[in-house]
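Everything below belongs to final10.txt, which stores compact mmCIF, C-alpha atoms and all ligand atoms.
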```txt
# COMPACT_ATOMS: atom_id res chain seq x y z
CA MET A 1 28.86 -7.63 17.76
CA SER A 2 25.95 -5.79 16.33
CA ASP A 3 25.97 -5.16 12.64
CA VAL A 4 24.31 -1.86 11.88
CA VAL A 5 22.49 -1.57 8.57
CA ILE A 6 20.67 1.71 9.00
CA GLU A 7 21.55 4.61 11.20
CA ALA A 8 19.70 7.92 11.29
CA LYS A 9 21.23 10.78 13.22
CA ASN A 10 19.25 13.80 14.30
CA ILE A 11 17.09 13.98 11.23
CA GLU A 12 14.60 16.77 10.69
CA LYS A 13 12.08 17.04 7.90
CA TRP A 14 9.89 20.02 7.03
CA TYR A 15 6.91 20.16 4.68
CA GLY A 16 6.57 23.90 4.18
CA PRO A 17 5.74 25.19 7.66
CA THR A 18 5.12 21.70 9.11
CA LEU A 19 7.93 20.04 11.01
CA ALA A 20 7.20 16.36 10.39
CA LEU A 21 10.34 14.86 11.94
CA LYS A 22 12.10 16.42 14.91
CA ASP A 23 15.55 15.26 15.83
CA VAL A 24 14.99 11.60 15.04
CA SER A 25 17.87 9.20 15.67
CA LEU A 26 17.76 5.45 15.43
CA VAL A 27 19.79 2.37 14.66
CA VAL A 28 18.64 -0.81 12.97
CA ASP A 29 20.75 -3.98 12.96
CA ARG A 30 21.08 -6.43 10.11
CA GLY A 31 18.27 -8.96 10.06
CA GLU A 32 16.16 -7.10 12.59
CA ILE A 33 12.43 -6.79 12.04
CA VAL A 34 11.34 -3.46 13.44
CA ALA A 35 7.83 -2.06 13.74
CA VAL A 36 7.34 1.70 13.55
CA THR A 37 4.14 2.65 15.33
CA GLY A 38 2.34 5.78 16.45
CA PRO A 39 -0.78 7.84 15.91
CA SER A 40 -1.83 9.15 12.52
CA GLY A 41 0.27 12.09 11.37
CA CYS A 42 3.14 11.43 13.77
CA GLY A 43 5.63 11.06 10.91
CA LYS A 44 5.92 7.32 10.34
CA SER A 45 5.68 7.43 6.55
CA THR A 46 7.94 10.46 6.40
CA LEU A 47 10.52 8.57 8.44
CA LEU A 48 10.30 5.55 6.16
CA HIS A 49 10.74 7.77 3.11
CA CYS A 50 13.79 9.42 4.62
CA LEU A 51 15.36 6.09 5.56
CA SER A 52 14.76 4.63 2.12
CA GLY A 53 16.15 7.65 0.31
CA ILE A 54 12.86 8.69 -1.28
CA LEU A 55 12.97 11.95 0.68
CA ARG A 56 16.04 13.88 1.69
CA PRO A 57 15.87 15.14 5.28
CA ASP A 58 16.54 18.85 5.86
CA GLN A 59 18.92 18.13 8.72
CA GLY A 60 20.88 15.15 9.92
CA SER A 61 22.17 12.06 8.20
CA VAL A 62 20.92 8.65 7.14
CA HIS A 63 23.50 5.94 6.73
CA PHE A 64 22.82 2.72 4.89
CA GLN A 65 25.76 0.48 5.71
CA GLN A 66 28.65 2.92 5.27
CA ARG A 67 26.99 5.30 2.85
CA ASP A 68 25.35 8.58 3.81
CA LEU A 69 22.21 8.76 1.68
CA THR A 70 21.72 12.44 2.37
CA VAL A 71 24.83 13.41 0.40
CA GLN A 72 24.17 11.12 -2.54
CA SER A 73 22.70 12.22 -5.84
CA GLU A 74 19.12 11.39 -6.73
CA ALA A 75 20.45 8.93 -9.33
CA ALA A 76 22.61 7.13 -6.79
CA ARG A 77 19.76 6.91 -4.30
CA SER A 78 17.39 5.63 -6.92
CA ARG A 79 19.90 2.95 -7.93
CA LEU A 80 20.16 1.93 -4.27
CA ARG A 81 16.38 1.73 -3.98
CA ARG A 82 16.32 -0.54 -7.00
CA THR A 83 19.08 -2.88 -5.86
CA ALA A 84 19.29 -2.88 -2.07
CA PHE A 85 15.80 -1.87 -0.95
CA GLY A 86 12.35 -3.33 -1.41
CA VAL A 87 9.18 -1.36 -0.73
CA LEU A 88 5.68 -2.46 0.09
CA PHE A 89 2.75 -0.11 0.62
CA GLN A 90 -0.84 -0.48 1.73
CA PHE A 91 -2.01 -0.84 -1.84
CA GLY A 92 -1.61 0.38 -5.33
CA GLN A 93 1.97 -0.34 -6.22
CA ILE A 94 1.43 -3.23 -8.56
CA VAL A 95 0.79 -2.29 -12.15
CA PRO A 96 -2.85 -2.98 -13.10
CA GLU A 97 -2.08 -3.65 -16.77
CA LEU A 98 0.47 -6.37 -16.03
CA THR A 99 -0.11 -9.93 -14.88
CA ALA A 100 1.15 -11.08 -11.49
CA VAL A 101 4.24 -12.73 -12.91
CA GLU A 102 5.02 -9.70 -15.09
CA ASN A 103 4.71 -7.42 -12.07
CA VAL A 104 7.14 -9.52 -10.06
CA THR A 105 9.53 -9.83 -13.01
CA LEU A 106 9.71 -6.08 -13.51
CA PRO A 107 12.31 -5.19 -10.85
CA LEU A 108 14.60 -7.96 -12.11
CA GLN A 109 14.31 -6.73 -15.69
CA LEU A 110 15.07 -3.18 -14.54
CA GLY A 111 18.21 -4.67 -13.02
CA GLY A 112 19.13 -6.15 -16.39
CA SER A 113 17.92 -9.76 -16.09
CA ARG A 114 16.54 -11.59 -19.11
CA TYR A 115 12.78 -11.95 -19.03
CA ARG A 116 12.86 -15.73 -19.10
CA ASP A 117 15.22 -16.06 -16.10
CA ALA A 118 13.36 -13.37 -14.25
CA ALA A 119 10.01 -15.04 -14.89
CA VAL A 120 11.28 -18.33 -13.48
CA ARG A 121 12.36 -16.64 -10.25
CA ALA A 122 9.14 -14.68 -10.08
CA GLN A 123 7.05 -17.79 -10.51
CA ARG A 124 9.00 -19.61 -7.80
CA LEU A 125 8.38 -16.79 -5.34
CA LEU A 126 4.69 -16.55 -6.25
CA ASP A 127 4.44 -20.29 -5.59
CA ARG A 128 6.06 -19.86 -2.18
CA LEU A 129 3.55 -17.17 -1.34
CA GLY A 130 0.63 -19.37 -2.31
CA VAL A 131 -0.39 -17.29 -5.33
CA GLY A 132 1.41 -19.28 -8.02
CA ASP A 133 -1.92 -20.15 -9.65
CA LEU A 134 -2.59 -16.47 -10.22
CA ALA A 135 0.60 -15.80 -12.16
CA GLY A 136 -1.28 -15.08 -15.38
CA LYS A 137 -3.97 -12.91 -13.77
CA ARG A 138 -4.08 -9.13 -13.58
CA PRO A 139 -4.52 -7.34 -10.21
CA GLY A 140 -8.15 -6.53 -11.00
CA GLU A 141 -8.93 -10.23 -11.00
CA MET A 142 -7.48 -10.83 -7.53
CA SER A 143 -8.59 -10.20 -3.95
CA GLY A 144 -6.82 -7.55 -1.89
CA GLY A 145 -4.90 -10.18 0.05
CA GLN A 146 -3.75 -11.88 -3.14
CA GLN A 147 -2.65 -8.56 -4.65
CA GLN A 148 -0.71 -7.82 -1.50
CA ARG A 149 1.11 -11.15 -1.72
CA VAL A 150 2.02 -10.35 -5.32
CA ALA A 151 3.27 -6.95 -4.17
CA LEU A 152 5.29 -8.68 -1.45
CA ALA A 153 6.82 -10.98 -4.07
CA ARG A 154 7.69 -7.95 -6.15
CA ALA A 155 9.32 -6.23 -3.19
CA LEU A 156 11.39 -9.29 -2.30
CA VAL A 157 12.27 -10.76 -5.70
CA THR A 158 15.54 -8.82 -5.91
CA GLU A 159 16.48 -10.15 -2.45
CA PRO A 160 16.90 -6.68 -1.01
CA GLU A 161 18.98 -5.91 2.07
CA VAL A 162 16.14 -3.94 3.57
CA LEU A 163 12.39 -4.17 3.12
CA PHE A 164 10.42 -1.00 3.87
CA ALA A 165 6.72 -1.70 4.38
CA ASP A 166 4.14 1.01 5.06
CA GLU A 167 0.88 -0.41 6.46
CA PRO A 168 1.26 -3.57 4.37
CA THR A 169 -1.88 -5.10 5.87
CA GLY A 170 -3.83 -1.86 6.29
CA ALA A 171 -6.40 -2.73 3.65
CA LEU A 172 -6.84 -6.38 4.59
CA ASP A 173 -9.01 -8.25 7.06
CA SER A 174 -7.24 -9.94 9.93
CA LEU A 175 -6.76 -13.38 8.39
CA ALA A 176 -5.55 -12.04 5.04
CA GLY A 177 -3.28 -9.64 6.94
CA GLU A 178 -1.95 -12.50 8.99
CA GLN A 179 -1.04 -14.47 5.87
CA VAL A 180 0.87 -11.53 4.45
CA MET A 181 2.74 -10.94 7.73
CA VAL A 182 3.53 -14.62 8.23
CA GLU A 183 5.05 -14.86 4.75
CA LEU A 184 6.82 -11.53 5.04
CA VAL A 185 8.49 -12.57 8.30
CA ARG A 186 9.29 -16.07 7.09
CA LEU A 187 10.98 -14.87 3.90
CA ALA A 188 12.82 -12.09 5.71
CA ARG A 189 14.19 -14.52 8.30
CA GLU A 190 15.27 -16.96 5.61
CA HIS A 191 17.25 -14.34 3.73
CA GLY A 192 18.38 -12.26 6.70
CA THR A 193 16.45 -9.31 5.27
CA THR A 194 16.15 -6.30 7.56
CA VAL A 195 12.54 -5.10 7.77
CA LEU A 196 11.00 -1.81 8.81
CA VAL A 197 7.26 -2.06 8.94
CA VAL A 198 5.04 0.93 9.65
CA THR A 199 1.76 0.02 11.29
CA HIS A 200 -1.09 1.30 13.43
CA ASN A 201 -1.91 -2.22 14.41
CA VAL A 202 -0.26 -3.69 17.52
CA GLN A 203 -1.04 -7.19 16.32
CA VAL A 204 1.09 -6.48 13.26
CA ALA A 205 3.77 -4.89 15.43
CA ALA A 206 3.86 -8.13 17.43
CA TYR A 207 5.45 -9.87 14.45
CA ALA A 208 8.47 -7.60 14.83
CA ASP A 209 11.43 -8.07 17.15
CA ARG A 210 11.15 -4.53 18.41
CA GLU A 211 8.92 -1.46 18.32
CA ILE A 212 9.95 2.08 17.54
CA ALA A 213 7.08 4.15 18.90
CA MET A 214 6.67 7.65 17.46
CA ARG A 215 4.69 10.62 18.63
CA ASP A 216 4.53 14.10 17.26
CA GLY A 217 7.48 13.71 14.91
CA ARG A 218 9.75 12.22 17.55
CA VAL A 219 10.83 8.76 18.57
CA GLU A 220 9.10 8.20 21.89
CA SER A 221 10.70 4.86 22.56
CA ALA A 222 13.05 2.76 20.47
CA GLY A 223 12.17 -0.45 22.26
CA ARG A 224 15.64 -1.28 23.34
CA VAL A 225 17.68 -0.33 26.29
CA THR A 226 21.30 -0.16 25.44
CA VAL A 227 23.06 -0.71 28.71
CA THR A 228 26.69 -1.18 27.82
CA GLY A 229 28.51 -2.72 24.90
CA GLU A 230 26.84 -5.88 23.76
CA VAL A 231 24.09 -6.09 26.32
CA ARG A 232 20.71 -5.26 24.92
CA MET B 1 -20.21 -20.99 37.31
CA SER B 2 -18.45 -21.81 34.12
CA THR B 3 -15.98 -24.33 35.58
CA THR B 4 -18.93 -26.73 35.53
CA HIS B 5 -19.56 -25.96 31.89
CA ALA B 6 -15.91 -26.10 30.96
CA LEU B 7 -15.73 -29.57 32.50
CA LEU B 8 -18.98 -30.61 30.81
CA GLY B 9 -17.47 -29.48 27.52
CA VAL B 10 -14.21 -31.30 28.10
CA LEU B 11 -16.10 -34.44 29.06
CA ALA B 12 -18.27 -34.16 25.96
CA ALA B 13 -15.16 -33.79 23.80
CA ARG B 14 -13.22 -36.66 25.37
CA GLY B 15 -15.90 -39.18 26.35
CA ILE B 16 -15.49 -41.16 29.55
CA SER B 17 -12.57 -39.72 31.54
CA HIS B 18 -10.91 -39.86 34.92
CA GLY B 19 -10.71 -36.75 37.08
CA TYR B 20 -7.05 -36.09 36.43
CA GLU B 21 -7.59 -36.46 32.70
CA LEU B 22 -10.35 -33.87 32.87
CA LYS B 23 -8.07 -31.49 34.72
CA ARG B 24 -5.21 -31.99 32.29
CA GLU B 25 -7.48 -31.52 29.30
CA HIS B 26 -9.17 -28.49 30.86
CA ASP B 27 -5.80 -26.78 31.36
CA ARG B 28 -4.57 -27.70 27.90
CA ARG B 29 -7.67 -26.67 25.98
CA LEU B 30 -8.23 -23.49 27.96
CA LEU B 31 -4.65 -22.36 27.97
CA GLY B 32 -4.68 -18.83 29.34
CA VAL B 33 -7.46 -19.59 31.82
CA LYS B 34 -6.29 -20.19 35.36
CA PRO B 35 -5.32 -23.88 35.70
CA LEU B 36 -7.85 -25.88 37.66
CA ALA B 37 -6.78 -26.78 41.21
CA PHE B 38 -7.42 -30.43 42.09
CA GLY B 39 -9.50 -29.46 45.12
CA GLN B 40 -11.69 -27.18 43.05
CA MET B 41 -12.10 -29.83 40.41
CA TYR B 42 -13.26 -32.50 42.84
CA THR B 43 -15.70 -30.10 44.51
CA THR B 44 -17.08 -29.23 41.10
CA LEU B 45 -17.33 -32.86 40.03
CA ALA B 46 -19.18 -33.69 43.28
CA ARG B 47 -21.68 -30.93 42.55
CA MET B 48 -22.07 -32.10 38.97
CA LEU B 49 -22.77 -35.63 40.23
CA ARG B 50 -25.35 -34.30 42.68
CA ASP B 51 -27.04 -32.27 39.92
CA GLY B 52 -27.10 -35.32 37.67
CA TYR B 53 -24.92 -33.78 34.92
CA ILE B 54 -22.40 -36.59 35.12
CA ALA B 55 -22.39 -40.15 36.41
CA GLU B 56 -19.72 -42.57 37.46
CA ALA B 57 -18.88 -44.80 34.55
CA GLU B 58 -16.63 -47.25 36.29
CA HIS B 59 -15.01 -47.51 39.65
CA GLN B 60 -11.57 -48.93 40.21
CA ARG B 61 -10.73 -49.16 43.90
CA VAL B 62 -7.00 -49.58 43.43
CA GLY B 63 -5.85 -46.08 42.70
CA GLY B 64 -7.87 -44.01 45.21
CA PRO B 65 -10.31 -41.29 44.17
CA ASP B 66 -8.46 -40.59 40.91
CA ARG B 67 -9.61 -43.88 39.57
CA VAL B 68 -13.25 -42.87 39.22
CA ALA B 69 -14.19 -42.32 35.62
CA TYR B 70 -17.09 -40.07 34.66
CA ARG B 71 -19.49 -39.88 31.78
CA LEU B 72 -21.83 -37.17 30.59
CA THR B 73 -25.52 -37.84 31.33
CA PRO B 74 -28.38 -36.66 29.07
CA GLY B 75 -29.08 -34.02 31.73
CA GLY B 76 -25.47 -32.85 31.52
CA HIS B 77 -25.70 -32.70 27.77
CA THR B 78 -28.87 -30.58 27.95
CA GLU B 79 -27.21 -28.26 30.47
CA LEU B 80 -24.19 -27.87 28.19
CA VAL B 81 -26.36 -27.05 25.17
CA ASN B 82 -28.42 -24.56 27.18
CA TRP B 83 -25.30 -22.85 28.44
CA LEU B 84 -23.79 -22.65 24.97
CA SER B 85 -26.97 -21.18 23.52
CA GLN B 86 -27.00 -18.27 25.99
CA ALA B 87 -25.04 -15.13 25.18
CA VAL B 88 -22.45 -14.01 27.69
CA PRO B 89 -23.68 -10.67 29.06
CA PRO B 90 -21.46 -7.91 27.68
CA ALA B 91 -19.54 -6.78 30.75
CA ALA B 92 -21.27 -3.92 32.52
CA TYR B 93 -18.40 -3.19 34.85
CA VAL B 94 -14.75 -3.24 33.97
CA SER B 95 -12.97 -4.84 36.84
CA ALA B 96 -9.61 -5.52 35.29
CA GLN B 97 -6.60 -4.57 37.33
CA LEU B 98 -5.29 -2.75 34.30
CA PHE B 99 -8.29 -0.45 34.21
CA VAL B 100 -7.84 0.51 37.84
CA LYS B 101 -4.12 1.06 37.33
CA VAL B 102 -4.56 3.34 34.35
CA ILE B 103 -7.22 5.46 36.02
CA VAL B 104 -5.10 5.68 39.16
CA ALA B 105 -2.12 6.65 37.02
CA LEU B 106 -4.22 9.42 35.51
CA ILE B 107 -5.44 10.83 38.79
CA ALA B 108 -2.37 10.22 40.92
CA THR B 109 0.56 11.14 38.69
CA PRO B 110 1.67 14.73 38.64
CA ASP B 111 1.85 15.20 34.88
CA GLU B 112 1.14 13.63 31.54
CA ALA B 113 4.74 12.49 31.06
CA THR B 114 4.65 10.38 34.22
CA ALA B 115 1.40 8.74 33.20
CA ARG B 116 2.85 8.12 29.75
CA SER B 117 5.95 6.50 31.13
CA PHE B 118 3.85 4.17 33.25
CA LEU B 119 1.80 3.28 30.21
CA ALA B 120 4.89 2.79 28.08
CA THR B 121 6.04 0.15 30.58
CA GLN B 122 2.66 -1.55 30.39
CA ARG B 123 2.74 -1.39 26.61
CA ALA B 124 6.17 -3.02 26.51
CA ALA B 125 4.91 -5.85 28.74
CA HIS B 126 1.79 -6.31 26.61
CA LEU B 127 3.76 -6.27 23.39
CA GLU B 128 6.24 -8.81 24.72
CA ARG B 129 3.39 -11.17 25.53
CA MET B 130 1.86 -10.50 22.12
CA ARG B 131 5.16 -11.39 20.46
CA GLU B 132 5.24 -14.71 22.30
CA LEU B 133 1.68 -15.47 21.28
CA THR B 134 2.40 -14.51 17.68
CA LYS B 135 5.39 -16.87 17.69
CA THR B 136 3.35 -19.80 18.98
CA LYS B 137 0.74 -18.99 16.38
CA THR B 138 3.15 -18.86 13.46
CA ALA B 139 5.63 -21.56 14.50
CA GLY B 140 3.47 -24.15 12.77
CA GLY B 141 1.91 -27.22 14.32
CA ALA B 142 -0.53 -25.30 16.51
CA SER B 143 -3.95 -26.91 16.82
CA VAL B 144 -7.14 -25.03 16.03
CA THR B 145 -7.91 -24.59 19.74
CA GLU B 146 -4.40 -23.29 20.41
CA LEU B 147 -4.80 -20.80 17.58
CA ALA B 148 -8.20 -19.76 18.90
CA VAL B 149 -6.80 -19.21 22.38
CA ALA B 150 -3.86 -17.21 21.01
CA ASP B 151 -6.20 -15.07 18.90
CA TYR B 152 -8.46 -14.45 21.89
CA LEU B 153 -5.57 -13.28 24.02
CA LEU B 154 -3.99 -11.24 21.22
CA ASN B 155 -7.22 -9.40 20.50
CA HIS B 156 -7.77 -8.59 24.14
CA LEU B 157 -4.22 -7.36 24.65
CA ASP B 158 -4.63 -5.32 21.49
CA ALA B 159 -7.85 -3.84 22.84
CA ASP B 160 -6.11 -2.94 26.12
CA LEU B 161 -3.37 -1.11 24.26
CA ARG B 162 -5.75 0.74 21.97
CA TRP B 163 -7.83 1.77 24.94
CA MET B 164 -4.71 2.98 26.78
CA ALA B 165 -3.62 5.01 23.76
CA THR B 166 -7.04 6.60 23.38
CA THR B 167 -7.13 7.32 27.07
CA LEU B 168 -3.77 9.05 26.96
CA ASP B 169 -4.86 11.11 24.02
CA ARG B 170 -7.79 12.26 26.09
CA ILE B 171 -5.64 12.77 29.10
CA SER B 172 -6.14 16.43 29.78
CA GLN B 173 -9.86 16.13 29.23
CA LEU B 174 -10.05 13.20 31.62
CA ARG B 175 -7.95 15.01 34.20
CA SER B 176 -10.35 17.89 34.34
CA GLU B 177 -13.30 15.50 34.62
CA VAL B 178 -11.73 13.47 37.40
CA ALA B 179 -10.76 16.65 39.20
CA ALA B 180 -14.24 18.11 38.82
N1 LIG C 301 3.53 15.82 1.16
C1 LIG C 301 3.22 16.48 2.28
N2 LIG C 301 3.03 17.80 2.29
C2 LIG C 301 2.77 18.49 3.42
N3 LIG C 301 2.63 17.92 4.64
C3 LIG C 301 2.80 16.59 4.69
C4 LIG C 301 3.09 15.80 3.54
N4 LIG C 301 3.19 14.52 3.91
C5 LIG C 301 2.98 14.49 5.25
N5 LIG C 301 2.74 15.73 5.72
C6 LIG C 301 2.51 16.10 7.14
O1 LIG C 301 3.60 15.60 7.90
C7 LIG C 301 3.16 15.01 9.09
C8 LIG C 301 3.60 13.56 9.13
O2 LIG C 301 2.94 12.84 8.11
P1 LIG C 301 3.17 11.31 7.82
O3 LIG C 301 2.48 10.98 6.56
O4 LIG C 301 4.61 10.99 7.91
O5 LIG C 301 2.41 10.66 9.07
P2 LIG C 301 2.05 9.14 9.36
O6 LIG C 301 2.53 8.87 10.74
O7 LIG C 301 2.53 8.27 8.28
O8 LIG C 301 0.46 9.17 9.38
P3 LIG C 301 -0.60 8.03 8.94
O9 LIG C 301 -0.58 7.02 10.04
O10 LIG C 301 -1.89 8.76 8.92
O11 LIG C 301 -0.18 7.49 7.61
C9 LIG C 301 1.66 15.22 9.14
O12 LIG C 301 1.40 16.36 9.89
C10 LIG C 301 1.29 15.42 7.69
O13 LIG C 301 0.17 16.24 7.59
MG MG C 302 1.58 7.06 6.81
```
In structure tokens, write the structure found in this file.
Amino acid sequence: MSDVVIEAKNIEKWYGPTLALKDVSLVVDRGEIVAVTGPSGCGKSTLLHCLSGILRPDQGSVHFQQRDLTVQSEAARSRLRRTAFGVLFQFGQIVPELTAVENVTLPLQLGGSRYRDAAVRAQRLLDRLGVGDLAGKRPGEMSGGQQQRVALARALVTEPEVLFADEPTGALDSLAGEQVMVELVRLAREHGTTVLVVTHNVQVAAYADREIAMRDGRVESAGRVTVTGEVR
Amino acid sequence: MSTTHALLGVLAARGISHGYELKREHDRRLLGVKPLAFGQMYTTLARMLRDGYIAEAEHQRVGGPDRVAYRLTPGGHTELVNWLSQAVPPAAYVSAQLFVKVIVALIATPDEATARSFLATQRAAHLERMRELTKTKTAGGASVTELAVADYLLNHLDADLRWMATTLDRISQLRSEVAA
């Protein structure tokens, strides 16, 4: 039995006169790691934003578990993003004024945890990601790869159901990128986290179980042939 | 030919070795290169003996030809160092089967969609192989040579796919050139 976590049906998204997503439908199972690939401008980031409730599509529906995000209020979607989703971008989402451990603690505090408990969890995760020594440092004092591991810790510290990552290794060299992907996949597998990772890079896509290839605002191939029932 | 140099390298790494040990080590260290056939190995070893790159270290009559152990000679060592210090000529001609297939797909398929569907199949096969390699790389316990081999293959498969994508994006342009 497959266990669907995200299902998009016939979504369409316009930016003014530009049709960025055209009739996109897809299904993602619990615990799957899926790569979204395709040329620049084909709509990958837009898709990720629609699936994570940051953007509301103009047509179609996006279900997370049983809930249709497209009919929920902005407040409800933002609560969902805080509790059930984690996001990781190419760069820039960790707060420059805060130390590594403070950055990772932040989402837990927003969820109501006490700083001291949150800091313990944050430190444990930073240790796991090999950046425990940098807990007291600010992003400006770290390399890009180290910052990205802190950002990964921040995205995963709430143990989200789904991690949305947009070019998480885009700014890193291949070895630093590899470290981030290895840890991302390892932690996701351990917790059964579902992952959608947008990437240009096939070597990054090769960490995923499956590829959703996009072109021109459409899904060109969803990387799985559903024959009948359970067969995949 | 580089089988000679591969065997020189394996012999240098292992020290005195029997033929079958050289073969096994060759195949293990150069995973992804075509495994060495016994016949080819013995022909190569005979040539290496003749050229003075290797010498027989000991000879045990009991086990047949497999029982000969070889050692690297100073001449073999010099040859290995010379070979290593020369750059491999950047390929002037692409001879890969994939290249021929893609170009044929471009000239022989009736429309872009057909060519794309062929390439999508190829991409799926490439990606599947890349997933396997990524798994071996990240499973832990891989040696440095195994990692190096996996990285080599991954980067080449990656290059194939990027080239195919670029080619498709040029498709109409290429069509008119091929037709011209
Ligand atoms: N905020 C926006 N306003 C107007 N047009 C936009 C906006 N964001 C994206 N677009 C357009 O929508 C299309 C899809 O963009 P999107 O950012 O989703 O592509 P992408 O696949 O993520 O590209 P890249 O790989 O370059 O990040 C493009 O044509 C882009 O120009
Ligand atoms: Mg993008």
- Message: Need to verify the contact set: segment 109-117 of chain A, 12 Å, only C-alpha atoms, exclusion of same-chain residues closer than 2 positions in sequence. Can you return it as a ChimeraX atom specification?
- Response: /A:78-84,101-107,119-124,154,157-158
- Message: Which residues are close to Gln65 of chain A, i.e. within 8 Å by all atoms listed in the file, leaving aside same-chain residues fewer than 2 positions away? Reply as a PyMOL selection string.
- Response: chain A and resi 4-6+63+67
How close does chain A get to ligand MG 302 (chain C)? List, as CSV, each residue of chain A within 8 Å, its nearest atom pair and the distance in Å to one decimal, counting all atoms listed in the file.
```
residue,atom,partner,partner_atom,distance
A:Ser40,CA,C:MG302,MG,7.0
A:Gly41,CA,C:MG302,MG,6.9
A:Gly43,CA,C:MG302,MG,7.0
A:Lys44,CA,C:MG302,MG,5.6
A:Ser45,CA,C:MG302,MG,4.1
A:Thr46,CA,C:MG302,MG,7.2
A:Asp166,CA,C:MG302,MG,6.8
A:Glu167,CA,C:MG302,MG,7.5
A:Val198,CA,C:MG302,MG,7.6
```
- ligand LIG 301 (chain C): which residues are within 9 Å, counting all atoms listed in the file, as an MDAnalysis selection string? chainID A and resid 13:21 37:49 166:167 198:200 214:217
- Task: Kindly provide, as a ChimeraX atom specification, the residues of chain B having any atom no farther than 9 Å from an atom of chain A, counting only C-alpha atoms.
- Result: /B:120,124,127-135,138,154-155,157-158,161-162,165
- Of the residues A:Asp29, A:Leu184, A:Arg77, A:Ala100, which is the one nearest to Met142 of chain A, using only C-alpha atoms?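 Answer, going by the shortest atom-to-atom distance: A:Ala100.
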- Task: Would you mind reading off the distance between atom CA of Lys137 of chain B and atom CA of Leu153 of chain B, one decimal, in Å?
- Result: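 Taking atom CA of Lys137 of chain B as the start and atom CA of Leu153 of chain B as the end point, the length is 11.4 Å.
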- Task: Go through A:Gly31, A:Glu97, A:Asp173, A:Arg149 one by one, measure the shortest atom-to-atom distance of each to Glu190 of chain A using all atoms listed in the file, and give the residue with the smallest value.
- Result: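 Between A:Gly31, A:Glu97, A:Asp173, A:Arg149, the residue approaching Glu190 of chain A most closely is A:Gly31.
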- Distance query Val62 of chain A at most 10 Å, only C-alpha atoms, self and fewer than 5 positions along chain excluded, as number ranges by chain: A: 6-11, 25-27, 50-53, 56-57, 67-71
- Query: Between A:Leu125, A:Leu156, A:Ile94, A:Val28, which one has atoms that come closest to Gly140 of chain A, using all atoms listed in the file?
  - Reply: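 Smallest distance to Gly140 of chain A is found for A:Ile94.
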- If we count all atoms listed in the file, what is near segment 72-81 of chain B at a cut-off of 7 Å, once residues fewer than 2 positions away on the same chain are taken out, given as a ChimeraX atom specification? /B:5,8-9,11-12,52-55,70,83-85
- Query: What is the atom CA of Glu141 of chain A to atom CA of Thr169 of chain A distance in Å?
  - Reply: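 Computing the Euclidean distance for atom CA of Glu141 of chain A and atom CA of Thr169 of chain A yields 19.0 Å.
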- Message: So the first atom is atom CA of Leu126 of chain A and the second is atom CA of Arg138 of chain A; what is the distance between them in Å, to one decimal place?
- Response: 13.6 Å
